[in-house]
There are 4 protein chains.
Amino acid sequence: MKKYDEVKKVIYDPKSDDPFTFSYYNPEEVILGKKMKDHLKFAISYWHTIDACGTDMFGGDTMDKNFGKDYGLERYNKKADFAFELMDKLQIEYYCFHDVDIAPVGKTLEESMKYFNEMVDYISELQKKHNKKLLWNTANNFGDKIFMAGAATSPNADVFACAAAKVKAGLDAAKKLNASGYVFWGGREGYETLLNTKVKFEQENIANLMRMARDYGRKIGFDGTFLIEPKPKEPMKHQYDYDAATAIGFLKEYGLDKDFMMNIEANHATLAGHTFQHELRISRINNMLGSIDANQGDVMLGWDTDCFPSNVYDTTLAMYEIVKNNGLPVGINFDSKNRRPSNTYEDMFHAFILGMDSFALGLIKAAAIIEDGRIEGFIDKKYESYKSELGQKIRRGETTLEELAEKASQMKNVKTPSSGAQEYLEGVLNNIILANNI
Amino acid sequence: MKKYDEVKKVIYDPKSDDPFTFSYYNPEEVILGKKMKDHLKFAISYWHTIDACGTDMFGGDTMDKNFGKDYGLERYNKKADFAFELMDKLQIEYYCFHDVDIAPVGKTLEESMKYFNEMVDYISELQKKHNKKLLWNTANNFGDKIFMAGAATSPNADVFACAAAKVKAGLDAAKKLNASGYVFWGGREGYETLLNTKVKFEQENIANLMRMARDYGRKIGFDGTFLIEPKPKEPMKHQYDYDAATAIGFLKEYGLDKDFMMNIEANHATLAGHTFQHELRISRINNMLGSIDANQGDVMLGWDTDCFPSNVYDTTLAMYEIVKNNGLPVGINFDSKNRRPSNTYEDMFHAFILGMDSFALGLIKAAAIIEDGRIEGFIDKKYESYKSELGQKIRRGETTLEELAEKASQMKNVKTPSSGAQEYLEGVLNNIILANNI
Amino acid sequence: MKKYDEVKKVIYDPKSDDPFTFSYYNPEEVILGKKMKDHLKFAISYWHTIDACGTDMFGGDTMDKNFGKDYGLERYNKKADFAFELMDKLQIEYYCFHDVDIAPVGKTLEESMKYFNEMVDYISELQKKHNKKLLWNTANNFGDKIFMAGAATSPNADVFACAAAKVKAGLDAAKKLNASGYVFWGGREGYETLLNTKVKFEQENIANLMRMARDYGRKIGFDGTFLIEPKPKEPMKHQYDYDAATAIGFLKEYGLDKDFMMNIEANHATLAGHTFQHELRISRINNMLGSIDANQGDVMLGWDTDCFPSNVYDTTLAMYEIVKNNGLPVGINFDSKNRRPSNTYEDMFHAFILGMDSFALGLIKAAAIIEDGRIEGFIDKKYESYKSELGQKIRRGETTLEELAEKASQMKNVKTPSSGAQEYLEGVLNNIILANNI
Amino acid sequence: MKKYDEVKKVIYDPKSDDPFTFSYYNPEEVILGKKMKDHLKFAISYWHTIDACGTDMFGGDTMDKNFGKDYGLERYNKKADFAFELMDKLQIEYYCFHDVDIAPVGKTLEESMKYFNEMVDYISELQKKHNKKLLWNTANNFGDKIFMAGAATSPNADVFACAAAKVKAGLDAAKKLNASGYVFWGGREGYETLLNTKVKFEQENIANLMRMARDYGRKIGFDGTFLIEPKPKEPMKHQYDYDAATAIGFLKEYGLDKDFMMNIEANHATLAGHTFQHELRISRINNMLGSIDANQGDVMLGWDTDCFPSNVYDTTLAMYEIVKNNGLPVGINFDSKNRRPSNTYEDMFHAFILGMDSFALGLIKAAAIIEDGRIEGFIDKKYESYKSELGQKIRRGETTLEELAEKASQMKNVKTPSSGAQEYLEGVLNNIILANNI
């Protein structure tokens, strides 16, 4: 097999034996009237791809991503150079970061900000040079010990102010780098125990920070989408943005639903007891499906594994929701990391090829479901009794319990609805997903 | 041990060796200025207590509750007689039922309604005679095959009409029997597979039925509380009223939040990945904590076990939320069943004594937490930085990212918040729960 | 779409638009030197397919499988006729049953036995006429109330004797019908609470019953395989045959491992926290992989859903283990049921076609994995250091801590093992599963 | 509240308001004829208590445990000094460690060994000075990148040799420090994916290492207990020592069951889907209950939270098993850590007091269960039918299916077993646990 440096560019070549080619991702190919790359808008996640080295709770690094530099800004320059070269090689146009991913943390907030701004400038140049775009960025308001009890939900108002300062810097960067979105992931916004927590108080504070962020962002001309990324737990016992339904309810309660959408992560969905498709569907029908964090959990495990997506059933159903959503306002970020023992640079290629091909095939299959028409045709027919006069009155809210009771009393035999046909539909899905590939 | 018939009345007698006495439940005892029985408003659930006989998915009945009658109304009369006698023996003042619990199902809807109304009359008399009250009732819109694909969410508009008719009859009964509440539990309101489901369409139909129910109820003078009982799954793969946050969001979205509150079931909470206290807290801070279904799940099992509550940690924290809610507008229904091998009438006493004593002690301990003051004092102190000028501006939404960033940049050392002290608080809780009982 | 009666035989016709055809299951097709039908040895489960009508814990029947007969043996004759016709239509050669599935339960054990034996005779004739075989049978020692506290583990020795009598009748039937296997599923062999249970005592009693069964079976000339079907819980809080590792340990402890093997069910595997492949692998490497119950659980749900298998990733990895096991001594039983709202006879076809095609394609893909060689080649290379002198000494147990410590102290740089390459292998798997179908 | 330095010794003083006193742990108090401290044999875990500083997967340290020393042996001397002082203050007599907990890791294995041996000498002196004992030690064969694919299960034989060298050093230390036990926790002994794993091969290698360890240990005169600590997953997808039943089966398969016992951790039990009591019971009835890791998981969370134990139901049932086991050959290690936001040295006291008091009260209550006699009396009566002639023949294995079938056919009415009385027993348990404390 080739070495990392020998792989100049991963190209679409489905007949090839070379493991460093795409079998399905063909960026310029047109599906349902739009190029694959515009359906998919893939991004690398800076933290997993450029920074993380395999550490877990029970063991240290298995990779070296220091690029020969032990510390300081220079190391971060090297990291950024590597990031943009890797995007070139993978034909990925977008990237995502937290503030602390791209720049060193200083001894004071001020020093950190200085480094951050310098690196934003540096990355801005790379962005132009490599013709790349920032999908979204965010502030890491969860890692430092000052955030140990939350950022917007910290019991310490000074910590709230620091969090706000970091969000401001993030929005300045988002504006400068022309990001499509800005994300809030509330990793420490929740509780460890209700014994020491005022839930309402904390939720109001989150809403306050988000309102300020929206107001500031709009004021400086940031016109991207604000996003909440729901996660039910981990690191905390409970996080307030538990799932899409909860986060959407929160946004509506606090009048934030016009500016905010959902960034749905597959692994967070399953940690909340939902399928990925469920979370996408809930977001979509509320007009709040903004972006996704593409990865895959292990449903037998109770933590965020952030595996690269490989299950084409899941990517097909996800892309089906995305296509029905007329695409994503933001895009698809691979919030995915190589398994700890996959510790070579070549493994990084295998991982992205796996993820990108799985989503590309998912897109192809989602289009095939729509073109095939059997599944959607079944659904349309299933609900057709609501086209009747009775059905229409129910739908329009123009009837009453009395009227319905009267009608029901006249029915001789109420018909059991027709079969839900789940097995038939699963067979159709299998035939579509499994047939005629390559 | 005594036999069922030998137990005339279960009384409070904490020093007794008789297993058919209460150790903690002393109905007239005053706690925090209110009688125990008014804090607790216990109800039996008709379905589990009077109807269910031990059947599960892998085996048949282990008890006989036919009272010598093989079929017909007479059997239901006997059941009702038994129910009210049992309530007398247990000093329980309330009961709850679905329509099909109290009356036989006829061949047609009309016939079923006739039986139901006759039994409502019969029960109305018993209610007066025994001085009991209806806590809440509901329609079983999930058991019959016509509801196999939902009631309000059925794809068949005729089925919607039948469901509406049954809700109407339920509200008439609620009015007649002067119920404190009327409950919606959407056991079939959800989906088995997204492959055949229009989620938004179905949710709108649920909202339509609930609006009609509210309008009809208020029109006939029913002034009780409407309640949604969230459950995430089982029997369906996904139920729309997943948890309190989801159901509250739904009610607000559809303008139903003024008339509806939550009926929180402990076992449904844990099936949704939450503690019972969490669901109560979420309901409480949204002013929607209306009633509870008191039971206990087995957190190692993935289905609704409906065990009688025995864990005094859980009942204490539940009663703490209820006391902080100024009590429950509706009450505490034992949606609990004897274990299948606990198949004697004496086991029914043991079960209720277990549940009632556990909640009574929970109440005593909740009051003790409040009187002790250490836990609440800790919380107050924890957030006190929000009483500062900066804190107040944040709380009142009178500051901006710019101002906060400016302030943050001037901070020399941002202080890590003080300890969350979880272990200290758990120790205090243990000392309160475990000390000085009896 | 065709009606049930119009479907004379489901045939392999991958180009057809007829939903009542197989796309992958081609019984006579030779894969790896053996016919598909001999690799797969499919069976219907009598209980789900012929008896179950859609009842769940929250609702009644949605189908009618009485065949116009209200009670008695005649109904069971009709059921049997239907069963064998259905097997003909589906090209399925095997079936499985519990005693109570094929015959009515009498008022006494004796009467039940009489009915059972008559029906065994009846089925014996049908078996010959339709050229079908019994894959395995078993006794339902969990449904009746006498088994509410277990069968072999009942605290009542008389119940143990009844269970033994039913096992004896089952073995007589197995011998008469020439079954390939006889199964023990311990649905009530476990505990509801440790507060009332002697675990060791109960496990010894299970072993005693199994030993007697083996001795009796061998004595009457039954030469099939005895099987334990592990399940961790449901209906009980804990079942002793938790998973394959536990059941294999039990069999070895009590000297039963020469006659017993595992019957691994997919849904039971996931309820125990394992993948289906894991349970198959553990059984296989212990030379105890005897049979499988083919179905599919919903990993978001905590109970046995017994869905028909549709996930081709799972069927491929399952068939990979089975092929590496040189096939199954017994076979593949569809312990699967139609979803409750899939309540037509046509849905039964869709369900079996889904399941059979998914396993047929799984077999094709398992063969492709082996022929492709990349995955197995990777594994062989991964462990090759154990072919070194040091490696061989470790493997043969011919070295000591002292010697190894001495060698380790001389190593300059211990090499981190080469990459586990999980993403690469998942990509290979995807390419094999998804490519070149039909 | 007092500061850390002001707390000279935590003493038993149940009437005190001082939060730095024990309410239940009274070391010299005699329970069931043995001193509390000898029943409990508490140990601190060096890694959590002396080394860990609050880092989790999403954030850095919240505490400083460097004791003013930035690196080198001196820091480890300070840590050890602190450890023994803390044990003095807490009246804890035992401690546990991994090799890397007590000494720095060198650039080579040799250098690491040198440091380790120096620190063992240092600790040996402290042990004498403070009159403390080593409960058990172990080798950290999972943290370094050379162990990323396992230690005994590494595909690299050199890594196996290194692991062996570290075990040898550990056994030398165990001998020198007179440890009661030596533990194997196989954190990397399992698989991430079956796609790249030879399970049998790897299990044989584990057995080989354990045999060598036993042989070496016995040879050098180490007469403590070897222990396996089961854990089902985390960090790996699957760990071979899944639970007690699996680990016991493994030990018997490979002839290791005479020298090895179980070290059962509460949080690992629940991660495997079992209660803590279940794992203790399984170990006890196999005569393999050697030691416990005392902590508490959050059953709503899917990872090892290692909370300090606070639930007195759990500690009571655990101590019940331990008392029935005639105590623990090794002891009770607090494999527990302060919550991340509990980041003061005072929190460490609160945590240990919580854990020690919870176990002390558990012991008191376990003794009370035995003295009370109702629960055990119930069990004895439950199984008494096995004292009959029929029962005795079954128990002794002296009957056959034919004989039992014959007897069963003569039974007129097989009696349903008497009630399991779970609610009654839970009520008794509650009354015992909650009554008469302090």
# chains A, B, ... in the order shown; residues from 1 in each chain; ligands from 1

$ interface_residues --of "chain C" --to "chain D" --cutoff "7 Å" --atoms "only C-alpha atoms" --output "ChimeraX atom specification"
/C:109-110,145-146,149,155-159,161-162,164-165,168,195-197,200,205,208,212-213,216,245-246,249,285,379,382-383,385-386,390-391,395,397,400-401,404-405,408-409,414-417,420,425

$ residues_around --residues "C:Asn311" --least-positions-apart "4" --cutoff "10 Å" --atoms "only C-alpha atoms" --output "PyMOL selection string"
(chain A and resi 313+426+430) or (chain C and resi 295-296+315-316+354-355+358-359+362)

$ write_last_selection --atoms "N, CA and C atoms" --output "PDB file, in the first residue's frame"
ATOM      1  N   TYR A 313     -27.175   1.907   5.394  1.00  0.00           N
ATOM      2  CA  TYR A 313     -28.591   2.096   5.752  1.00  0.00           C
ATOM      3  C   TYR A 313     -28.762   3.475   6.395  1.00  0.00           C
ATOM      4  N   GLU A 426     -39.328  -2.502   4.103  1.00  0.00           N
ATOM      5  CA  GLU A 426     -37.920  -2.820   4.371  1.00  0.00           C
ATOM      6  C   GLU A 426     -37.317  -3.635   3.229  1.00  0.00           C
ATOM      7  N   ASN A 430     -34.195  -2.510   1.060  1.00  0.00           N
ATOM      8  CA  ASN A 430     -33.041  -3.391   0.830  1.00  0.00           C
ATOM      9  C   ASN A 430     -32.755  -3.524  -0.656  1.00  0.00           C
TER      10      ASN A 430
ATOM     11  N   ASN C 295     -33.569 -13.488  13.654  1.00  0.00           N
ATOM     12  CA  ASN C 295     -34.502 -12.366  13.753  1.00  0.00           C
ATOM     13  C   ASN C 295     -33.658 -11.104  13.908  1.00  0.00           C
ATOM     14  N   GLN C 296     -34.260 -10.056  14.338  1.00  0.00           N
ATOM     15  CA  GLN C 296     -33.545  -8.788  14.433  1.00  0.00           C
ATOM     16  C   GLN C 296     -34.227  -7.971  15.515  1.00  0.00           C
ATOM     17  N   THR C 315     -26.575 -10.063   8.613  1.00  0.00           N
ATOM     18  CA  THR C 315     -26.697 -11.423   8.058  1.00  0.00           C
ATOM     19  C   THR C 315     -25.379 -11.858   7.419  1.00  0.00           C
ATOM     20  N   THR C 316     -24.640 -10.927   6.853  1.00  0.00           N
ATOM     21  CA  THR C 316     -23.347 -11.280   6.257  1.00  0.00           C
ATOM     22  C   THR C 316     -22.371 -11.755   7.329  1.00  0.00           C
ATOM     23  N   LEU C 354     -38.298 -11.094   2.924  1.00  0.00           N
ATOM     24  CA  LEU C 354     -37.296 -10.183   3.495  1.00  0.00           C
ATOM     25  C   LEU C 354     -36.221 -10.966   4.252  1.00  0.00           C
ATOM     26  N   GLY C 355     -36.663 -11.852   5.125  1.00  0.00           N
ATOM     27  CA  GLY C 355     -35.727 -12.605   5.954  1.00  0.00           C
ATOM     28  C   GLY C 355     -34.871 -13.573   5.141  1.00  0.00           C
ATOM     29  N   SER C 358     -32.454 -11.721   2.884  1.00  0.00           N
ATOM     30  CA  SER C 358     -31.378 -11.098   3.660  1.00  0.00           C
ATOM     31  C   SER C 358     -30.335 -12.140   4.060  1.00  0.00           C
ATOM     32  N   PHE C 359     -30.787 -13.323   4.425  1.00  0.00           N
ATOM     33  CA  PHE C 359     -29.815 -14.371   4.774  1.00  0.00           C
ATOM     34  C   PHE C 359     -29.140 -14.956   3.533  1.00  0.00           C
ATOM     35  N   GLY C 362     -26.626 -12.545   2.641  1.00  0.00           N
ATOM     36  CA  GLY C 362     -25.582 -12.665   3.658  1.00  0.00           C
ATOM     37  C   GLY C 362     -24.642 -13.828   3.349  1.00  0.00           C
TER      38      GLY C 362
END

$ residues_around --residues "C:Met1" --least-positions-apart "5" --cutoff "12 Å" --atoms "only C-alpha atoms" --output "list in words"
Tyr424 of chain A; Glu6, Val7, Asp17, Asp18, Pro19, Phe20, Glu346, Asp347, Phe349 and His350 of chain C

$ residues_around --residues "D:Pro14" --least-positions-apart "6" --cutoff "10 Å" --atoms "only C-alpha atoms" --output "list of chain:residue names"
B:Asn431, D:Thr21, D:Phe22, D:Ser23, D:Tyr24, D:Tyr25, D:Asn26, D:Ile438

$ write_last_selection --atoms "C-alpha atoms" --output "mmCIF file, in the first residue's frame"
data_model
loop_
_atom_site.group_PDB
_atom_site.id
_atom_site.type_symbol
_atom_site.label_atom_id
_atom_site.label_comp_id
_atom_site.auth_asym_id
_atom_site.auth_seq_id
_atom_site.Cartn_x
_atom_site.Cartn_y
_atom_site.Cartn_z
ATOM 1 C CA ASN B 431 -28.018 11.454 56.884
ATOM 2 C CA THR D 21 -16.939 12.882 61.284
ATOM 3 C CA PHE D 22 -18.274 9.395 60.666
ATOM 4 C CA SER D 23 -21.913 8.755 61.482
ATOM 5 C CA TYR D 24 -21.715 4.974 61.110
ATOM 6 C CA TYR D 25 -18.123 3.856 60.653
ATOM 7 C CA ASN D 26 -16.823 2.912 64.053
ATOM 8 C CA ILE D 438 -28.434 6.579 64.870
#

$ select_by_dssp --residues "stretch 113-290 of chain A" --states "alpha helix (DSSP H)" --output "MDAnalysis selection string"
chainID A and resid 113:130 157:176 199:219 244:253 266:271 276:285

$ write_last_selection --atoms "C-alpha atoms" --output "compact mmCIF listing (two decimals), in the first residue's frame"
# COMPACT_ATOMS: atom_id res chain seq x y z
CA MET A 113 -7.20 35.95 22.13
CA LYS A 114 -4.03 37.33 20.62
CA TYR A 115 -2.90 33.89 19.49
CA PHE A 116 -6.35 33.08 18.24
CA ASN A 117 -6.57 36.21 16.14
CA GLU A 118 -3.14 35.63 14.67
CA MET A 119 -4.11 32.13 13.69
CA VAL A 120 -7.39 33.32 12.21
CA ASP A 121 -5.36 35.59 9.98
CA TYR A 122 -3.04 32.76 9.06
CA ILE A 123 -5.92 30.45 8.27
CA SER A 124 -7.64 33.17 6.30
CA GLU A 125 -4.69 33.18 3.97
CA LEU A 126 -4.65 29.41 3.69
CA GLN A 127 -8.36 29.46 2.98
CA LYS A 128 -7.83 31.73 0.02
CA LYS A 129 -4.78 29.88 -1.21
CA HIS A 130 -6.46 26.46 -1.08
CA ALA A 157 -20.94 35.47 36.62
CA ASP A 158 -17.30 36.19 35.76
CA VAL A 159 -17.10 32.86 34.01
CA PHE A 160 -20.20 33.80 32.06
CA ALA A 161 -18.39 36.94 30.95
CA CYS A 162 -15.36 34.94 29.81
CA ALA A 163 -17.60 32.60 27.88
CA ALA A 164 -19.23 35.60 26.26
CA ALA A 165 -15.84 37.04 25.33
CA LYS A 166 -14.89 33.78 23.66
CA VAL A 167 -18.18 33.66 21.76
CA LYS A 168 -17.58 37.23 20.60
CA ALA A 169 -14.13 36.31 19.32
CA GLY A 170 -15.66 33.30 17.61
CA LEU A 171 -18.25 35.42 15.86
CA ASP A 172 -15.59 37.88 14.77
CA ALA A 173 -13.69 34.96 13.28
CA ALA A 174 -16.85 33.56 11.71
CA LYS A 175 -17.45 36.91 10.05
CA LYS A 176 -13.88 37.25 8.91
CA VAL A 199 -32.40 24.40 36.29
CA LYS A 200 -34.63 27.29 35.25
CA PHE A 201 -32.06 29.89 36.29
CA GLU A 202 -29.39 28.17 34.24
CA GLN A 203 -31.60 27.78 31.18
CA GLU A 204 -32.45 31.46 31.26
CA ASN A 205 -28.76 32.28 31.33
CA ILE A 206 -28.13 30.13 28.28
CA ALA A 207 -30.91 31.96 26.48
CA ASN A 208 -29.37 35.27 27.47
CA LEU A 209 -26.01 34.33 26.03
CA MET A 210 -27.58 33.09 22.82
CA ARG A 211 -29.59 36.26 22.40
CA MET A 212 -26.50 38.39 22.88
CA ALA A 213 -24.62 36.21 20.40
CA ARG A 214 -27.36 36.55 17.82
CA ASP A 215 -27.56 40.30 18.31
CA TYR A 216 -23.84 40.77 18.10
CA GLY A 217 -23.49 38.45 15.12
CA ARG A 218 -26.19 40.19 13.16
CA LYS A 219 -24.77 43.59 14.11
CA ALA A 244 -33.79 17.94 18.86
CA ALA A 245 -37.30 18.12 20.35
CA THR A 246 -35.93 19.54 23.59
CA ALA A 247 -33.62 22.05 21.91
CA ILE A 248 -36.34 23.21 19.51
CA GLY A 249 -38.72 23.68 22.43
CA PHE A 250 -36.06 25.73 24.18
CA LEU A 251 -35.46 27.95 21.15
CA LYS A 252 -39.17 28.62 20.74
CA GLU A 253 -39.62 29.32 24.43
CA ALA A 266 -25.56 10.82 14.61
CA ASN A 267 -23.85 9.56 17.74
CA HIS A 268 -25.63 12.08 19.94
CA ALA A 269 -28.93 10.92 18.49
CA THR A 270 -28.33 7.33 19.53
CA LEU A 271 -27.08 8.36 22.97
CA PHE A 276 -30.16 9.55 13.45
CA GLN A 277 -33.05 9.71 10.99
CA HIS A 278 -35.46 10.51 13.82
CA GLU A 279 -33.47 13.53 14.91
CA LEU A 280 -33.16 14.71 11.34
CA ARG A 281 -36.88 14.24 10.77
CA ILE A 282 -37.85 16.17 13.89
CA SER A 283 -35.54 19.00 12.88
CA ARG A 284 -36.77 18.98 9.30
CA ILE A 285 -40.47 19.14 10.06

$ atom_distance --atom1 "atom CA of C:Ala139" --atom2 "atom CA of C:Tyr76"
17.0 Å

$ atom_distance --atom1 "atom CA of A:Val312" --atom2 "atom CA of B:Arg188"
29.5 Å

$ select_by_dssp --residues "stretch 51-239 of chain C" --states "strand (DSSP E)" --output "mmCIF file with C-alpha atoms, in the first residue's frame"
data_model
loop_
_atom_site.group_PDB
_atom_site.id
_atom_site.type_symbol
_atom_site.label_atom_id
_atom_site.label_comp_id
_atom_site.auth_asym_id
_atom_site.auth_seq_id
_atom_site.Cartn_x
_atom_site.Cartn_y
_atom_site.Cartn_z
ATOM 1 C CA TYR C 94 -38.069 -27.082 8.185
ATOM 2 C CA TYR C 95 -40.252 -26.043 11.095
ATOM 3 C CA CYS C 96 -39.936 -25.696 14.880
ATOM 4 C CA PHE C 97 -42.516 -25.887 17.672
ATOM 5 C CA HIS C 98 -43.277 -25.917 21.397
ATOM 6 C CA LYS C 133 -38.492 -31.923 8.403
ATOM 7 C CA LEU C 134 -38.606 -30.909 12.018
ATOM 8 C CA LEU C 135 -35.629 -28.667 12.775
ATOM 9 C CA TRP C 136 -36.202 -28.760 16.509
ATOM 10 C CA ASN C 137 -38.948 -28.804 19.080
ATOM 11 C CA THR C 138 -39.213 -27.895 22.727
ATOM 12 C CA GLY C 181 -32.388 -30.773 17.624
ATOM 13 C CA TYR C 182 -34.156 -30.339 20.929
ATOM 14 C CA VAL C 183 -34.065 -26.906 22.594
ATOM 15 C CA PHE C 184 -34.113 -25.614 26.159
ATOM 16 C CA GLY C 190 -33.901 -17.216 36.606
ATOM 17 C CA TYR C 191 -35.030 -14.803 39.247
ATOM 18 C CA THR C 225 -28.340 -32.019 19.137
ATOM 19 C CA PHE C 226 -29.470 -30.690 22.509
ATOM 20 C CA LEU C 227 -29.454 -26.920 22.530
ATOM 21 C CA ILE C 228 -29.559 -24.115 25.067
ATOM 22 C CA HIS C 238 -32.491 -12.260 35.167
ATOM 23 C CA GLN C 239 -32.299 -15.537 33.285
#

$ atom_distance --atom1 "atom CA of C:Asn326" --atom2 "atom CA of C:Thr49"
28.8 Å

$ residues_around --residues "A:Ala52" --least-positions-apart "4" --cutoff "8 Å" --atoms "only C-alpha atoms" --output "VMD selection string"
chain A and resid 47 to 48 65

$ residues_around --residues "D:Lys79" --least-positions-apart "2" --cutoff "10 Å" --atoms "only C-alpha atoms" --output "NGL selection string"
:D and (46 or 49-51 or 65-67 or 69 or 73-77 or 81-85 or 101-103)

$ residues_around --residues "A:Asn333" --least-positions-apart "5" --cutoff "7 Å" --atoms "only C-alpha atoms" --output "PyMOL selection string"
chain A and resi 42-45+292-294

$ closest_residue --among "C:Ile353, C:Met300, C:Ile370, C:Met348" --to "C:Glu321" --atoms "only C-alpha atoms"
C:Ile370
